[in-house]
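Engineer: This one is model29.pdb, PDB, C-alpha atoms.
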MODEL        1
ATOM      1  CA  MET C   1     -10.345  74.248-124.575  1.00  0.00           C
ATOM      2  CA  THR C   2     -10.328  73.616-128.268  1.00  0.00           C
ATOM      3  CA  VAL C   3      -9.630  76.041-131.069  1.00  0.00           C
ATOM      4  CA  ARG C   4     -11.346  75.583-134.397  1.00  0.00           C
ATOM      5  CA  THR C   5     -10.550  77.545-137.540  1.00  0.00           C
ATOM      6  CA  LEU C   6     -13.229  78.406-140.088  1.00  0.00           C
ATOM      7  CA  SER C   7     -13.381  80.530-143.193  1.00  0.00           C
ATOM      8  CA  THR C   8     -15.724  83.504-143.140  1.00  0.00           C
ATOM      9  CA  THR C   9     -18.151  81.583-145.373  1.00  0.00           C
ATOM     10  CA  GLU C  10     -18.115  78.542-143.071  1.00  0.00           C
ATOM     11  CA  ALA C  11     -18.606  80.733-140.012  1.00  0.00           C
ATOM     12  CA  LYS C  12     -21.523  82.507-141.685  1.00  0.00           C
ATOM     13  CA  ASN C  13     -23.185  79.272-142.778  1.00  0.00           C
ATOM     14  CA  GLN C  14     -22.684  77.592-139.381  1.00  0.00           C
ATOM     15  CA  PHE C  15     -23.147  80.654-137.188  1.00  0.00           C
ATOM     16  CA  SER C  16     -25.734  79.185-134.839  1.00  0.00           C
ATOM     17  CA  ALA C  17     -23.666  76.014-134.328  1.00  0.00           C
ATOM     18  CA  VAL C  18     -20.524  78.114-133.813  1.00  0.00           C
ATOM     19  CA  ILE C  19     -22.215  80.220-131.140  1.00  0.00           C
ATOM     20  CA  ASN C  20     -23.450  77.082-129.368  1.00  0.00           C
ATOM     21  CA  ALA C  21     -19.991  75.485-129.467  1.00  0.00           C
ATOM     22  CA  VAL C  22     -18.397  78.632-128.084  1.00  0.00           C
ATOM     23  CA  ALA C  23     -20.990  79.086-125.342  1.00  0.00           C
ATOM     24  CA  ASP C  24     -21.574  75.463-124.360  1.00  0.00           C
ATOM     25  CA  ASP C  25     -18.317  73.646-125.125  1.00  0.00           C
ATOM     26  CA  ASP C  26     -15.766  76.357-124.233  1.00  0.00           C
ATOM     27  CA  GLU C  27     -14.556  76.328-127.826  1.00  0.00           C
ATOM     28  CA  THR C  28     -12.732  79.208-129.473  1.00  0.00           C
ATOM     29  CA  VAL C  29     -13.331  79.794-133.169  1.00  0.00           C
ATOM     30  CA  VAL C  30     -10.826  81.654-135.298  1.00  0.00           C
ATOM     31  CA  VAL C  31     -12.337  83.093-138.460  1.00  0.00           C
ATOM     32  CA  GLN C  32     -10.054  83.392-141.459  1.00  0.00           C
ATOM     33  CA  GLN C  33     -10.456  85.502-144.541  1.00  0.00           C
ATOM     34  CA  HIS C  34      -8.323  84.530-147.543  1.00  0.00           C
ATOM     35  CA  GLY C  35      -6.389  82.136-145.303  1.00  0.00           C
ATOM     36  CA  ARG C  36      -5.484  84.774-142.709  1.00  0.00           C
ATOM     37  CA  PRO C  37      -6.944  84.988-139.212  1.00  0.00           C
ATOM     38  CA  LYS C  38      -9.232  88.022-138.962  1.00  0.00           C
ATOM     39  CA  ALA C  39     -11.316  87.474-135.818  1.00  0.00           C
ATOM     40  CA  ALA C  40     -11.921  85.129-132.924  1.00  0.00           C
ATOM     41  CA  ILE C  41     -15.239  84.157-131.419  1.00  0.00           C
ATOM     42  CA  ILE C  42     -15.003  83.491-127.692  1.00  0.00           C
ATOM     43  CA  SER C  43     -17.474  83.019-124.860  1.00  0.00           C
ATOM     44  CA  THR C  44     -18.575  85.974-122.778  1.00  0.00           C
ATOM     45  CA  GLU C  45     -16.844  84.336-119.811  1.00  0.00           C
ATOM     46  CA  LYS C  46     -13.514  84.381-121.664  1.00  0.00           C
ATOM     47  CA  LEU C  47     -14.184  87.959-122.743  1.00  0.00           C
ATOM     48  CA  ASP C  48     -14.720  88.972-119.114  1.00  0.00           C
ATOM     49  CA  GLN C  49     -11.476  87.230-118.124  1.00  0.00           C
ATOM     50  CA  TYR C  50      -9.615  88.978-120.933  1.00  0.00           C
ATOM     51  CA  GLU C  51     -11.017  92.395-119.986  1.00  0.00           C
ATOM     52  CA  ASN C  52     -10.149  91.836-116.322  1.00  0.00           C
ATOM     53  CA  ALA C  53      -6.603  90.845-117.277  1.00  0.00           C
ATOM     54  CA  LEU C  54      -6.252  93.997-119.380  1.00  0.00           C
ATOM     55  CA  ARG C  55      -7.596  96.121-116.539  1.00  0.00           C
ATOM     56  CA  LEU C  56      -5.076  94.598-114.115  1.00  0.00           C
ATOM     57  CA  GLN C  57      -2.260  95.108-116.605  1.00  0.00           C
ATOM     58  CA  ARG C  58      -3.205  98.785-117.065  1.00  0.00           C
ATOM     59  CA  ARG C  59      -3.279  99.254-113.293  1.00  0.00           C
ATOM     60  CA  ARG C  60       0.150  97.616-112.896  1.00  0.00           C
ATOM     61  CA  GLU C  61       1.560  99.819-115.632  1.00  0.00           C
ATOM     62  CA  ALA C  62       0.034 102.919-114.048  1.00  0.00           C
ATOM     63  CA  LEU C  63       1.456 101.975-110.658  1.00  0.00           C
ATOM     64  CA  ASP C  64       4.891 101.367-112.189  1.00  0.00           C
ATOM     65  CA  GLN C  65       4.746 104.784-113.873  1.00  0.00           C
ATOM     66  CA  LEU C  66       3.719 106.444-110.620  1.00  0.00           C
ATOM     67  CA  ARG C  67       6.544 104.737-108.710  1.00  0.00           C
ATOM     68  CA  ALA C  68       9.047 105.828-111.352  1.00  0.00           C
ATOM     69  CA  LEU C  69       7.704 109.367-111.188  1.00  0.00           C
ATOM     70  CA  GLN C  70       7.943 109.375-107.412  1.00  0.00           C
ATOM     71  CA  LYS C  71      11.587 108.229-107.581  1.00  0.00           C
ATOM     72  CA  GLU C  72      12.358 110.863-110.194  1.00  0.00           C
ATOM     73  CA  VAL C  73      10.759 113.618-108.134  1.00  0.00           C
ATOM     74  CA  SER C  74      12.532 112.463-104.989  1.00  0.00           C
ATOM     75  CA  ALA C  75      15.890 112.370-106.774  1.00  0.00           C
ATOM     76  CA  GLN C  76      15.450 115.865-108.209  1.00  0.00           C
ATOM     77  CA  ASN C  77      14.338 117.472-104.982  1.00  0.00           C
ATOM     78  CA  ARG C  78      16.956 116.545-102.410  1.00  0.00           C
ATOM     79  CA  ASP C  79      16.870 120.116-101.089  1.00  0.00           C
ATOM     80  CA  LEU C  80      13.225 119.749-100.018  1.00  0.00           C
ATOM     81  CA  THR C  81      12.036 118.521 -96.679  1.00  0.00           C
ATOM     82  CA  GLU C  82      10.388 115.094 -96.564  1.00  0.00           C
ATOM     83  CA  GLU C  83       6.997 116.782 -96.141  1.00  0.00           C
ATOM     84  CA  GLN C  84       7.541 119.124 -99.107  1.00  0.00           C
ATOM     85  CA  ALA C  85       8.701 116.256-101.299  1.00  0.00           C
ATOM     86  CA  MET C  86       5.642 114.181-100.361  1.00  0.00           C
ATOM     87  CA  GLU C  87       3.298 117.090-101.117  1.00  0.00           C
ATOM     88  CA  LEU C  88       4.964 117.583-104.483  1.00  0.00           C
ATOM     89  CA  ALA C  89       4.920 113.861-105.297  1.00  0.00           C
ATOM     90  CA  THR C  90       1.259 113.605-104.279  1.00  0.00           C
ATOM     91  CA  ARG C  91       0.382 116.508-106.558  1.00  0.00           C
ATOM     92  CA  PHE C  92       2.236 114.940-109.489  1.00  0.00           C
ATOM     93  CA  VAL C  93       0.668 111.552-108.860  1.00  0.00           C
ATOM     94  CA  ARG C  94      -2.805 113.102-108.885  1.00  0.00           C
ATOM     95  CA  GLU C  95      -2.026 114.912-112.127  1.00  0.00           C
ATOM     96  CA  VAL C  96      -0.727 111.738-113.772  1.00  0.00           C
ATOM     97  CA  VAL C  97      -3.715 109.691-112.579  1.00  0.00           C
ATOM     98  CA  LYS C  98      -6.119 112.322-113.918  1.00  0.00           C
ATOM     99  CA  GLU C  99      -4.265 112.452-117.236  1.00  0.00           C
ATOM    100  CA  MET C 100      -4.300 108.662-117.568  1.00  0.00           C
ATOM    101  CA  TYR C 101      -7.998 108.580-116.654  1.00  0.00           C
ATOM    102  CA  ASP C 102      -8.786 111.286-119.233  1.00  0.00           C
ATOM    103  CA  GLU C 103      -6.871 109.293-121.875  1.00  0.00           C
ATOM    104  CA  GLY C 104      -8.805 106.127-121.015  1.00  0.00           C
ATOM    105  CA  LYS C 105      -5.704 104.317-119.763  1.00  0.00           C
ATOM    106  CA  LEU C 106      -7.085 104.011-116.245  1.00  0.00           C
ATOM    107  CA  ARG C 107     -10.559 103.259-114.910  1.00  0.00           C
ATOM    108  CA  TYR C 108     -11.892 103.194-111.403  1.00  0.00           C
ATOM    109  CA  ALA C 109     -13.327  99.990-109.928  1.00  0.00           C
ATOM    110  CA  ASP C 110     -16.895 101.334-109.800  1.00  0.00           C
ATOM    111  CA  GLU C 111     -17.032 102.064-113.547  1.00  0.00           C
TER     112      GLU C 111
ENDMDL
END
In C-alpha coordinates, write the structure found in this file.

Structural biologist:
Amino acid sequence: MTVRTLSTTEAKNQFSAVINAVADDDETVVVQQHGRPKAAIISTEKLDQYENALRLQRRREALDQLRALQKEVSAQNRDLTEEQAMELATRFVREVVKEMYDEGKLRYADE
(Lines of atoms letter the chains of each structure in order from A and count residues from 1; the text may use other names and numbers.)
(Lines give C-alpha, C1' and ligand atoms only; values in the text may rest on other atoms or scores of the structure.)
Protein backbone atom coordinates (compact mmCIF):
# COMPACT_ATOMS: atom_id res chain seq x y z
CA MET A 1 0.00 0.00 0.00
CA THR A 2 1.32 3.38 -0.94
CA VAL A 3 0.16 6.77 0.22
CA ARG A 4 0.44 9.73 -2.10
CA THR A 5 -0.20 13.33 -1.12
CA LEU A 6 -1.67 15.84 -3.56
CA SER A 7 -2.91 19.38 -3.33
CA THR A 8 -6.58 19.99 -4.07
CA THR A 9 -5.61 21.45 -7.46
CA GLU A 10 -3.47 18.42 -8.35
CA ALA A 11 -6.22 16.04 -7.25
CA LYS A 12 -8.77 17.94 -9.34
CA ASN A 13 -6.55 18.00 -12.43
CA GLN A 14 -5.59 14.32 -12.10
CA PHE A 15 -8.89 13.01 -10.76
CA SER A 16 -9.34 10.19 -13.25
CA ALA A 17 -5.76 8.97 -12.73
CA VAL A 18 -6.18 9.25 -8.95
CA ILE A 19 -9.34 7.15 -9.02
CA ASN A 20 -7.61 4.51 -11.16
CA ALA A 21 -4.59 4.40 -8.84
CA VAL A 22 -6.82 4.03 -5.80
CA ALA A 23 -9.01 1.35 -7.37
CA ASP A 24 -6.39 -0.61 -9.30
CA ASP A 25 -3.13 -0.16 -7.37
CA ASP A 26 -4.44 -0.11 -3.78
CA GLU A 27 -3.09 3.41 -3.39
CA THR A 28 -4.35 5.89 -0.82
CA VAL A 29 -4.36 9.56 -1.77
CA VAL A 30 -4.32 12.27 0.86
CA VAL A 31 -5.61 15.60 -0.42
CA GLN A 32 -4.15 18.71 1.17
CA GLN A 33 -5.51 22.22 1.18
CA HIS A 34 -3.04 24.98 2.07
CA GLY A 35 -0.54 22.30 3.13
CA ARG A 36 -2.92 20.59 5.57
CA PRO A 37 -4.52 17.19 5.02
CA LYS A 38 -8.25 17.62 4.39
CA ALA A 39 -9.43 14.32 2.89
CA ALA A 40 -8.31 10.86 1.86
CA ILE A 41 -9.36 8.94 -1.20
CA ILE A 42 -9.46 5.19 -0.60
CA SER A 43 -10.82 2.19 -2.46
CA THR A 44 -14.30 0.91 -1.75
CA GLU A 45 -12.70 -2.27 -0.40
CA LYS A 46 -10.78 -0.26 2.21
CA LEU A 47 -13.94 1.71 2.99
CA ASP A 48 -15.82 -1.54 3.63
CA GLN A 49 -13.00 -2.75 5.90
CA TYR A 50 -13.03 0.54 7.79
CA GLU A 51 -16.82 0.47 8.23
CA ASN A 52 -16.70 -3.15 9.42
CA ALA A 53 -13.97 -2.26 11.93
CA LEU A 54 -16.07 0.63 13.24
CA ARG A 55 -19.11 -1.61 13.51
CA LEU A 56 -17.13 -4.18 15.51
CA GLN A 57 -15.71 -1.47 17.75
CA ARG A 58 -19.21 -0.09 18.45
CA ARG A 59 -20.44 -3.59 19.28
CA ARG A 60 -17.50 -4.20 21.65
CA GLU A 61 -18.15 -0.88 23.36
CA ALA A 62 -21.85 -1.66 23.67
CA LEU A 63 -21.08 -5.08 25.13
CA ASP A 64 -18.62 -3.55 27.60
CA GLN A 65 -21.26 -1.01 28.66
CA LEU A 66 -23.85 -3.75 29.09
CA ARG A 67 -21.46 -5.87 31.17
CA ALA A 68 -20.65 -2.87 33.37
CA LEU A 69 -24.35 -2.16 33.77
CA GLN A 70 -25.04 -5.76 34.68
CA LYS A 71 -22.30 -5.67 37.35
CA GLU A 72 -23.64 -2.40 38.71
CA VAL A 73 -27.19 -3.74 38.89
CA SER A 74 -26.02 -6.95 40.52
CA ALA A 75 -23.98 -5.05 43.10
CA GLN A 76 -26.88 -2.75 43.99
CA ASN A 77 -29.46 -5.48 44.31
CA ARG A 78 -27.97 -8.03 46.68
CA ASP A 79 -31.34 -8.34 48.42
CA LEU A 80 -32.98 -9.71 45.25
CA THR A 81 -33.19 -13.33 44.28
CA GLU A 82 -31.05 -14.47 41.34
CA GLU A 83 -34.19 -14.64 39.18
CA GLN A 84 -35.32 -11.12 40.14
CA ALA A 85 -31.85 -9.72 39.50
CA MET A 86 -31.72 -11.38 36.07
CA GLU A 87 -35.16 -10.02 35.15
CA LEU A 88 -34.09 -6.55 36.21
CA ALA A 89 -30.75 -6.78 34.39
CA THR A 90 -32.47 -8.06 31.24
CA ARG A 91 -34.89 -5.15 31.33
CA PHE A 92 -32.06 -2.63 31.73
CA VAL A 93 -30.03 -4.26 28.98
CA ARG A 94 -33.00 -4.04 26.60
CA GLU A 95 -33.50 -0.39 27.49
CA VAL A 96 -29.82 0.42 26.93
CA VAL A 97 -29.73 -1.48 23.62
CA LYS A 98 -32.84 0.36 22.42
CA GLU A 99 -31.38 3.71 23.50
CA MET A 100 -28.08 2.99 21.74
CA TYR A 101 -29.95 1.85 18.62
CA ASP A 102 -32.10 5.01 18.64
CA GLU A 103 -28.93 7.13 18.96
CA GLY A 104 -27.32 5.32 16.03
CA LYS A 105 -24.56 3.83 18.19
CA LEU A 106 -25.69 0.28 17.49
CA ARG A 107 -26.97 -1.43 14.35
CA TYR A 108 -28.28 -4.90 13.79
CA ALA A 109 -26.52 -7.28 11.39
CA ASP A 110 -29.38 -7.28 8.87
CA GLU A 111 -29.29 -3.49 8.38

Engineer: Taking the file as I've supplied it (selection: the PyMOL selection byres ((chain C and resi 2) around 10)), which residues are included? Please answer as a PyMOL selection string.

Structural biologist: chain C and resi 1+3-4+21-22+25-29

Engineer: If you keep C-alpha atoms, can you produce a file of those selected residues as a PDB file, in the coordinates of the input?

Structural biologist:
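Contents of the output file result_38.pdb:
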ATOM      1  CA  MET C   1     -10.345  74.248-124.575  1.00  0.00           C
ATOM      2  CA  VAL C   3      -9.630  76.041-131.069  1.00  0.00           C
ATOM      3  CA  ARG C   4     -11.346  75.583-134.397  1.00  0.00           C
ATOM      4  CA  ALA C  21     -19.991  75.485-129.467  1.00  0.00           C
ATOM      5  CA  VAL C  22     -18.397  78.632-128.084  1.00  0.00           C
ATOM      6  CA  ASP C  25     -18.317  73.646-125.125  1.00  0.00           C
ATOM      7  CA  ASP C  26     -15.766  76.357-124.233  1.00  0.00           C
ATOM      8  CA  GLU C  27     -14.556  76.328-127.826  1.00  0.00           C
ATOM      9  CA  THR C  28     -12.732  79.208-129.473  1.00  0.00           C
ATOM     10  CA  VAL C  29     -13.331  79.794-133.169  1.00  0.00           C
TER      11      VAL C  29
END

Engineer: Just the residues within 12 Å of C:Ala40, please, counting all atoms listed in the file, with nothing from its chain fewer than 4 positions along; format it as a list in words.

Structural biologist: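 Contacts, in chain order: Val3, Arg4, Thr5, Leu6, Ser7, Thr8, Ala11, Val18, Ile19, Val22, Glu27, Thr28, Val29, Val30, Val31, Gln32, Gln33, Arg36, Lys46 and Leu47 of chain C.
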
Engineer: Padding 5 Å on each side, edges along x, y and z: where is the centre of the box around the listed atoms of stretch 1-6 of chain C, and how long are its edges in Å to one decimal? Output it as AutoDock Vina command-line options.

Structural biologist:
--center_x -11.4 --center_y 76.0 --center_z -132.3 --size_x 13.6 --size_y 14.8 --size_z 25.5

Engineer: Evaluate the PyMOL selection byres ((chain C and resi 55) around 12) on the structure here and hand back the selected residues as a PyMOL selection string.

Structural biologist: chain C and resi 48-54+56-62+104-109+111

Engineer: On this file, the PyMOL selection byres ((chain C and resi 84-92) around 10) gives some set of residues; write that set as a ChimeraX atom specification.

Structural biologist: /C:66-67,69-83,93-98

Engineer: If you measure from atom CA of C:Leu63 to atom CA of C:Thr44, what distance in Å do you get, rounded to one decimal?

Structural biologist: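 Distance between the two atoms: 28.4 Å.
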
Engineer: How many Å lie between atom CA of C:Tyr101 and atom CA of C:Ala68, rounded to one decimal?

Structural biologist: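 Taking atom CA of C:Tyr101 and atom CA of C:Ala68, their separation equals 18.1 Å.
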
Engineer: Kindly give the distance, in Å, that separates atom CA of C:Ala23 and atom CA of C:Ile42, rounded to a single decimal.

Structural biologist: 7.8 Å

Engineer: What would stretch 11-57 of chain C look like if you wrote it out as a PDB file, in the first residue's frame, with N, CA and C atoms included, from the block I just posted?

Structural biologist:
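part21.pdb, freshly written:
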ATOM      1  N   ALA C  11      -5.204  17.096  -7.291  1.00  0.00           N
ATOM      2  CA  ALA C  11      -6.220  16.043  -7.251  1.00  0.00           C
ATOM      3  C   ALA C  11      -7.322  16.312  -8.265  1.00  0.00           C
ATOM      4  N   LYS C  12      -7.727  17.562  -8.376  1.00  0.00           N
ATOM      5  CA  LYS C  12      -8.765  17.939  -9.343  1.00  0.00           C
ATOM      6  C   LYS C  12      -8.284  17.691 -10.771  1.00  0.00           C
ATOM      7  N   ASN C  13      -7.077  18.135 -11.067  1.00  0.00           N
ATOM      8  CA  ASN C  13      -6.550  18.003 -12.427  1.00  0.00           C
ATOM      9  C   ASN C  13      -6.244  16.562 -12.815  1.00  0.00           C
ATOM     10  N   GLN C  14      -5.955  15.713 -11.830  1.00  0.00           N
ATOM     11  CA  GLN C  14      -5.588  14.319 -12.100  1.00  0.00           C
ATOM     12  C   GLN C  14      -6.644  13.344 -11.581  1.00  0.00           C
ATOM     13  N   PHE C  15      -7.872  13.803 -11.450  1.00  0.00           N
ATOM     14  CA  PHE C  15      -8.888  13.012 -10.758  1.00  0.00           C
ATOM     15  C   PHE C  15      -9.065  11.616 -11.340  1.00  0.00           C
ATOM     16  N   SER C  16      -9.160  11.500 -12.622  1.00  0.00           N
ATOM     17  CA  SER C  16      -9.343  10.189 -13.246  1.00  0.00           C
ATOM     18  C   SER C  16      -8.168   9.265 -12.934  1.00  0.00           C
ATOM     19  N   ALA C  17      -6.951   9.772 -13.035  1.00  0.00           N
ATOM     20  CA  ALA C  17      -5.759   8.974 -12.728  1.00  0.00           C
ATOM     21  C   ALA C  17      -5.722   8.611 -11.250  1.00  0.00           C
ATOM     22  N   VAL C  18      -6.148   9.523 -10.392  1.00  0.00           N
ATOM     23  CA  VAL C  18      -6.181   9.254  -8.947  1.00  0.00           C
ATOM     24  C   VAL C  18      -7.159   8.118  -8.652  1.00  0.00           C
ATOM     25  N   ILE C  19      -8.335   8.187  -9.230  1.00  0.00           N
ATOM     26  CA  ILE C  19      -9.343   7.147  -9.016  1.00  0.00           C
ATOM     27  C   ILE C  19      -8.808   5.791  -9.480  1.00  0.00           C
ATOM     28  N   ASN C  20      -8.177   5.765 -10.644  1.00  0.00           N
ATOM     29  CA  ASN C  20      -7.611   4.514 -11.155  1.00  0.00           C
ATOM     30  C   ASN C  20      -6.522   3.974 -10.236  1.00  0.00           C
ATOM     31  N   ALA C  21      -5.661   4.842  -9.734  1.00  0.00           N
ATOM     32  CA  ALA C  21      -4.589   4.403  -8.835  1.00  0.00           C
ATOM     33  C   ALA C  21      -5.163   3.848  -7.534  1.00  0.00           C
ATOM     34  N   VAL C  22      -6.184   4.487  -7.033  1.00  0.00           N
ATOM     35  CA  VAL C  22      -6.821   4.032  -5.795  1.00  0.00           C
ATOM     36  C   VAL C  22      -7.509   2.688  -6.019  1.00  0.00           C
ATOM     37  N   ALA C  23      -8.241   2.569  -7.102  1.00  0.00           N
ATOM     38  CA  ALA C  23      -9.008   1.352  -7.372  1.00  0.00           C
ATOM     39  C   ALA C  23      -8.133   0.192  -7.829  1.00  0.00           C
ATOM     40  N   ASP C  24      -7.164   0.464  -8.678  1.00  0.00           N
ATOM     41  CA  ASP C  24      -6.388  -0.611  -9.297  1.00  0.00           C
ATOM     42  C   ASP C  24      -5.089  -0.945  -8.567  1.00  0.00           C
ATOM     43  N   ASP C  25      -4.463   0.045  -7.956  1.00  0.00           N
ATOM     44  CA  ASP C  25      -3.134  -0.156  -7.374  1.00  0.00           C
ATOM     45  C   ASP C  25      -3.131  -0.128  -5.848  1.00  0.00           C
ATOM     46  N   ASP C  26      -4.318  -0.120  -5.237  1.00  0.00           N
ATOM     47  CA  ASP C  26      -4.438  -0.111  -3.775  1.00  0.00           C
ATOM     48  C   ASP C  26      -3.719   1.090  -3.165  1.00  0.00           C
ATOM     49  N   GLU C  27      -3.748   2.196  -3.855  1.00  0.00           N
ATOM     50  CA  GLU C  27      -3.089   3.411  -3.386  1.00  0.00           C
ATOM     51  C   GLU C  27      -4.074   4.235  -2.566  1.00  0.00           C
ATOM     52  N   THR C  28      -3.569   4.934  -1.586  1.00  0.00           N
ATOM     53  CA  THR C  28      -4.348   5.892  -0.818  1.00  0.00           C
ATOM     54  C   THR C  28      -3.836   7.276  -1.168  1.00  0.00           C
ATOM     55  N   VAL C  29      -4.748   8.203  -1.411  1.00  0.00           N
ATOM     56  CA  VAL C  29      -4.359   9.562  -1.768  1.00  0.00           C
ATOM     57  C   VAL C  29      -4.883  10.514  -0.697  1.00  0.00           C
ATOM     58  N   VAL C  30      -3.969  11.255  -0.120  1.00  0.00           N
ATOM     59  CA  VAL C  30      -4.322  12.274   0.862  1.00  0.00           C
ATOM     60  C   VAL C  30      -4.346  13.610   0.129  1.00  0.00           C
ATOM     61  N   VAL C  31      -5.444  14.319   0.257  1.00  0.00           N
ATOM     62  CA  VAL C  31      -5.605  15.601  -0.416  1.00  0.00           C
ATOM     63  C   VAL C  31      -5.401  16.711   0.613  1.00  0.00           C
ATOM     64  N   GLN C  32      -4.476  17.599   0.278  1.00  0.00           N
ATOM     65  CA  GLN C  32      -4.155  18.712   1.170  1.00  0.00           C
ATOM     66  C   GLN C  32      -4.705  20.020   0.617  1.00  0.00           C
ATOM     67  N   GLN C  33      -5.080  20.869   1.545  1.00  0.00           N
ATOM     68  CA  GLN C  33      -5.505  22.217   1.178  1.00  0.00           C
ATOM     69  C   GLN C  33      -4.676  23.176   2.036  1.00  0.00           C
ATOM     70  N   HIS C  34      -3.943  24.046   1.384  1.00  0.00           N
ATOM     71  CA  HIS C  34      -3.037  24.976   2.073  1.00  0.00           C
ATOM     72  C   HIS C  34      -2.045  24.212   2.948  1.00  0.00           C
ATOM     73  N   GLY C  35      -1.562  23.080   2.433  1.00  0.00           N
ATOM     74  CA  GLY C  35      -0.544  22.303   3.133  1.00  0.00           C
ATOM     75  C   GLY C  35      -1.040  21.441   4.269  1.00  0.00           C
ATOM     76  N   ARG C  36      -2.353  21.401   4.480  1.00  0.00           N
ATOM     77  CA  ARG C  36      -2.918  20.587   5.566  1.00  0.00           C
ATOM     78  C   ARG C  36      -3.807  19.489   4.997  1.00  0.00           C
ATOM     79  N   PRO C  37      -3.670  18.276   5.502  1.00  0.00           N
ATOM     80  CA  PRO C  37      -4.524  17.190   5.019  1.00  0.00           C
ATOM     81  C   PRO C  37      -5.999  17.499   5.290  1.00  0.00           C
ATOM     82  N   LYS C  38      -6.819  17.341   4.259  1.00  0.00           N
ATOM     83  CA  LYS C  38      -8.255  17.623   4.388  1.00  0.00           C
ATOM     84  C   LYS C  38      -9.110  16.404   4.105  1.00  0.00           C
ATOM     85  N   ALA C  39      -8.628  15.484   3.268  1.00  0.00           N
ATOM     86  CA  ALA C  39      -9.428  14.318   2.894  1.00  0.00           C
ATOM     87  C   ALA C  39      -8.501  13.210   2.418  1.00  0.00           C
ATOM     88  N   ALA C  40      -9.050  12.004   2.399  1.00  0.00           N
ATOM     89  CA  ALA C  40      -8.312  10.864   1.864  1.00  0.00           C
ATOM     90  C   ALA C  40      -9.211  10.157   0.865  1.00  0.00           C
ATOM     91  N   ILE C  41      -8.627   9.711  -0.204  1.00  0.00           N
ATOM     92  CA  ILE C  41      -9.361   8.938  -1.204  1.00  0.00           C
ATOM     93  C   ILE C  41      -8.857   7.503  -1.084  1.00  0.00           C
ATOM     94  N   ILE C  42      -9.798   6.603  -0.790  1.00  0.00           N
ATOM     95  CA  ILE C  42      -9.461   5.194  -0.603  1.00  0.00           C
ATOM     96  C   ILE C  42     -10.381   4.335  -1.462  1.00  0.00           C
ATOM     97  N   SER C  43      -9.990   3.094  -1.669  1.00  0.00           N
ATOM     98  CA  SER C  43     -10.817   2.186  -2.462  1.00  0.00           C
ATOM     99  C   SER C  43     -12.078   1.811  -1.687  1.00  0.00           C
ATOM    100  N   THR C  44     -13.073   1.344  -2.409  1.00  0.00           N
ATOM    101  CA  THR C  44     -14.303   0.915  -1.747  1.00  0.00           C
ATOM    102  C   THR C  44     -14.038  -0.308  -0.865  1.00  0.00           C
ATOM    103  N   GLU C  45     -13.074  -1.116  -1.228  1.00  0.00           N
ATOM    104  CA  GLU C  45     -12.705  -2.265  -0.401  1.00  0.00           C
ATOM    105  C   GLU C  45     -12.177  -1.798   0.962  1.00  0.00           C
ATOM    106  N   LYS C  46     -11.304  -0.796   0.948  1.00  0.00           N
ATOM    107  CA  LYS C  46     -10.783  -0.255   2.206  1.00  0.00           C
ATOM    108  C   LYS C  46     -11.894   0.416   3.004  1.00  0.00           C
ATOM    109  N   LEU C  47     -12.808   1.082   2.313  1.00  0.00           N
ATOM    110  CA  LEU C  47     -13.937   1.707   2.992  1.00  0.00           C
ATOM    111  C   LEU C  47     -14.780   0.656   3.692  1.00  0.00           C
ATOM    112  N   ASP C  48     -15.059  -0.452   3.018  1.00  0.00           N
ATOM    113  CA  ASP C  48     -15.817  -1.539   3.633  1.00  0.00           C
ATOM    114  C   ASP C  48     -15.097  -2.080   4.867  1.00  0.00           C
ATOM    115  N   GLN C  49     -13.785  -2.262   4.762  1.00  0.00           N
ATOM    116  CA  GLN C  49     -13.001  -2.750   5.902  1.00  0.00           C
ATOM    117  C   GLN C  49     -13.068  -1.765   7.062  1.00  0.00           C
ATOM    118  N   TYR C  50     -12.962  -0.496   6.764  1.00  0.00           N
ATOM    119  CA  TYR C  50     -13.032   0.543   7.789  1.00  0.00           C
ATOM    120  C   TYR C  50     -14.403   0.540   8.466  1.00  0.00           C
ATOM    121  N   GLU C  51     -15.464   0.479   7.670  1.00  0.00           N
ATOM    122  CA  GLU C  51     -16.817   0.469   8.233  1.00  0.00           C
ATOM    123  C   GLU C  51     -17.058  -0.770   9.083  1.00  0.00           C
ATOM    124  N   ASN C  52     -16.564  -1.923   8.630  1.00  0.00           N
ATOM    125  CA  ASN C  52     -16.696  -3.146   9.425  1.00  0.00           C
ATOM    126  C   ASN C  52     -15.945  -3.038  10.742  1.00  0.00           C
ATOM    127  N   ALA C  53     -14.757  -2.449  10.707  1.00  0.00           N
ATOM    128  CA  ALA C  53     -13.974  -2.264  11.931  1.00  0.00           C
ATOM    129  C   ALA C  53     -14.704  -1.341  12.905  1.00  0.00           C
ATOM    130  N   LEU C  54     -15.300  -0.273  12.380  1.00  0.00           N
ATOM    131  CA  LEU C  54     -16.066   0.632  13.239  1.00  0.00           C
ATOM    132  C   LEU C  54     -17.272  -0.065  13.847  1.00  0.00           C
ATOM    133  N   ARG C  55     -17.954  -0.868  13.029  1.00  0.00           N
ATOM    134  CA  ARG C  55     -19.114  -1.608  13.514  1.00  0.00           C
ATOM    135  C   ARG C  55     -18.708  -2.555  14.654  1.00  0.00           C
ATOM    136  N   LEU C  56     -17.608  -3.273  14.463  1.00  0.00           N
ATOM    137  CA  LEU C  56     -17.128  -4.184  15.506  1.00  0.00           C
ATOM    138  C   LEU C  56     -16.742  -3.420  16.765  1.00  0.00           C
ATOM    139  N   GLN C  57     -16.101  -2.281  16.592  1.00  0.00           N
ATOM    140  CA  GLN C  57     -15.713  -1.471  17.747  1.00  0.00           C
ATOM    141  C   GLN C  57     -16.949  -0.999  18.516  1.00  0.00           C
TER     142      GLN C  57
END
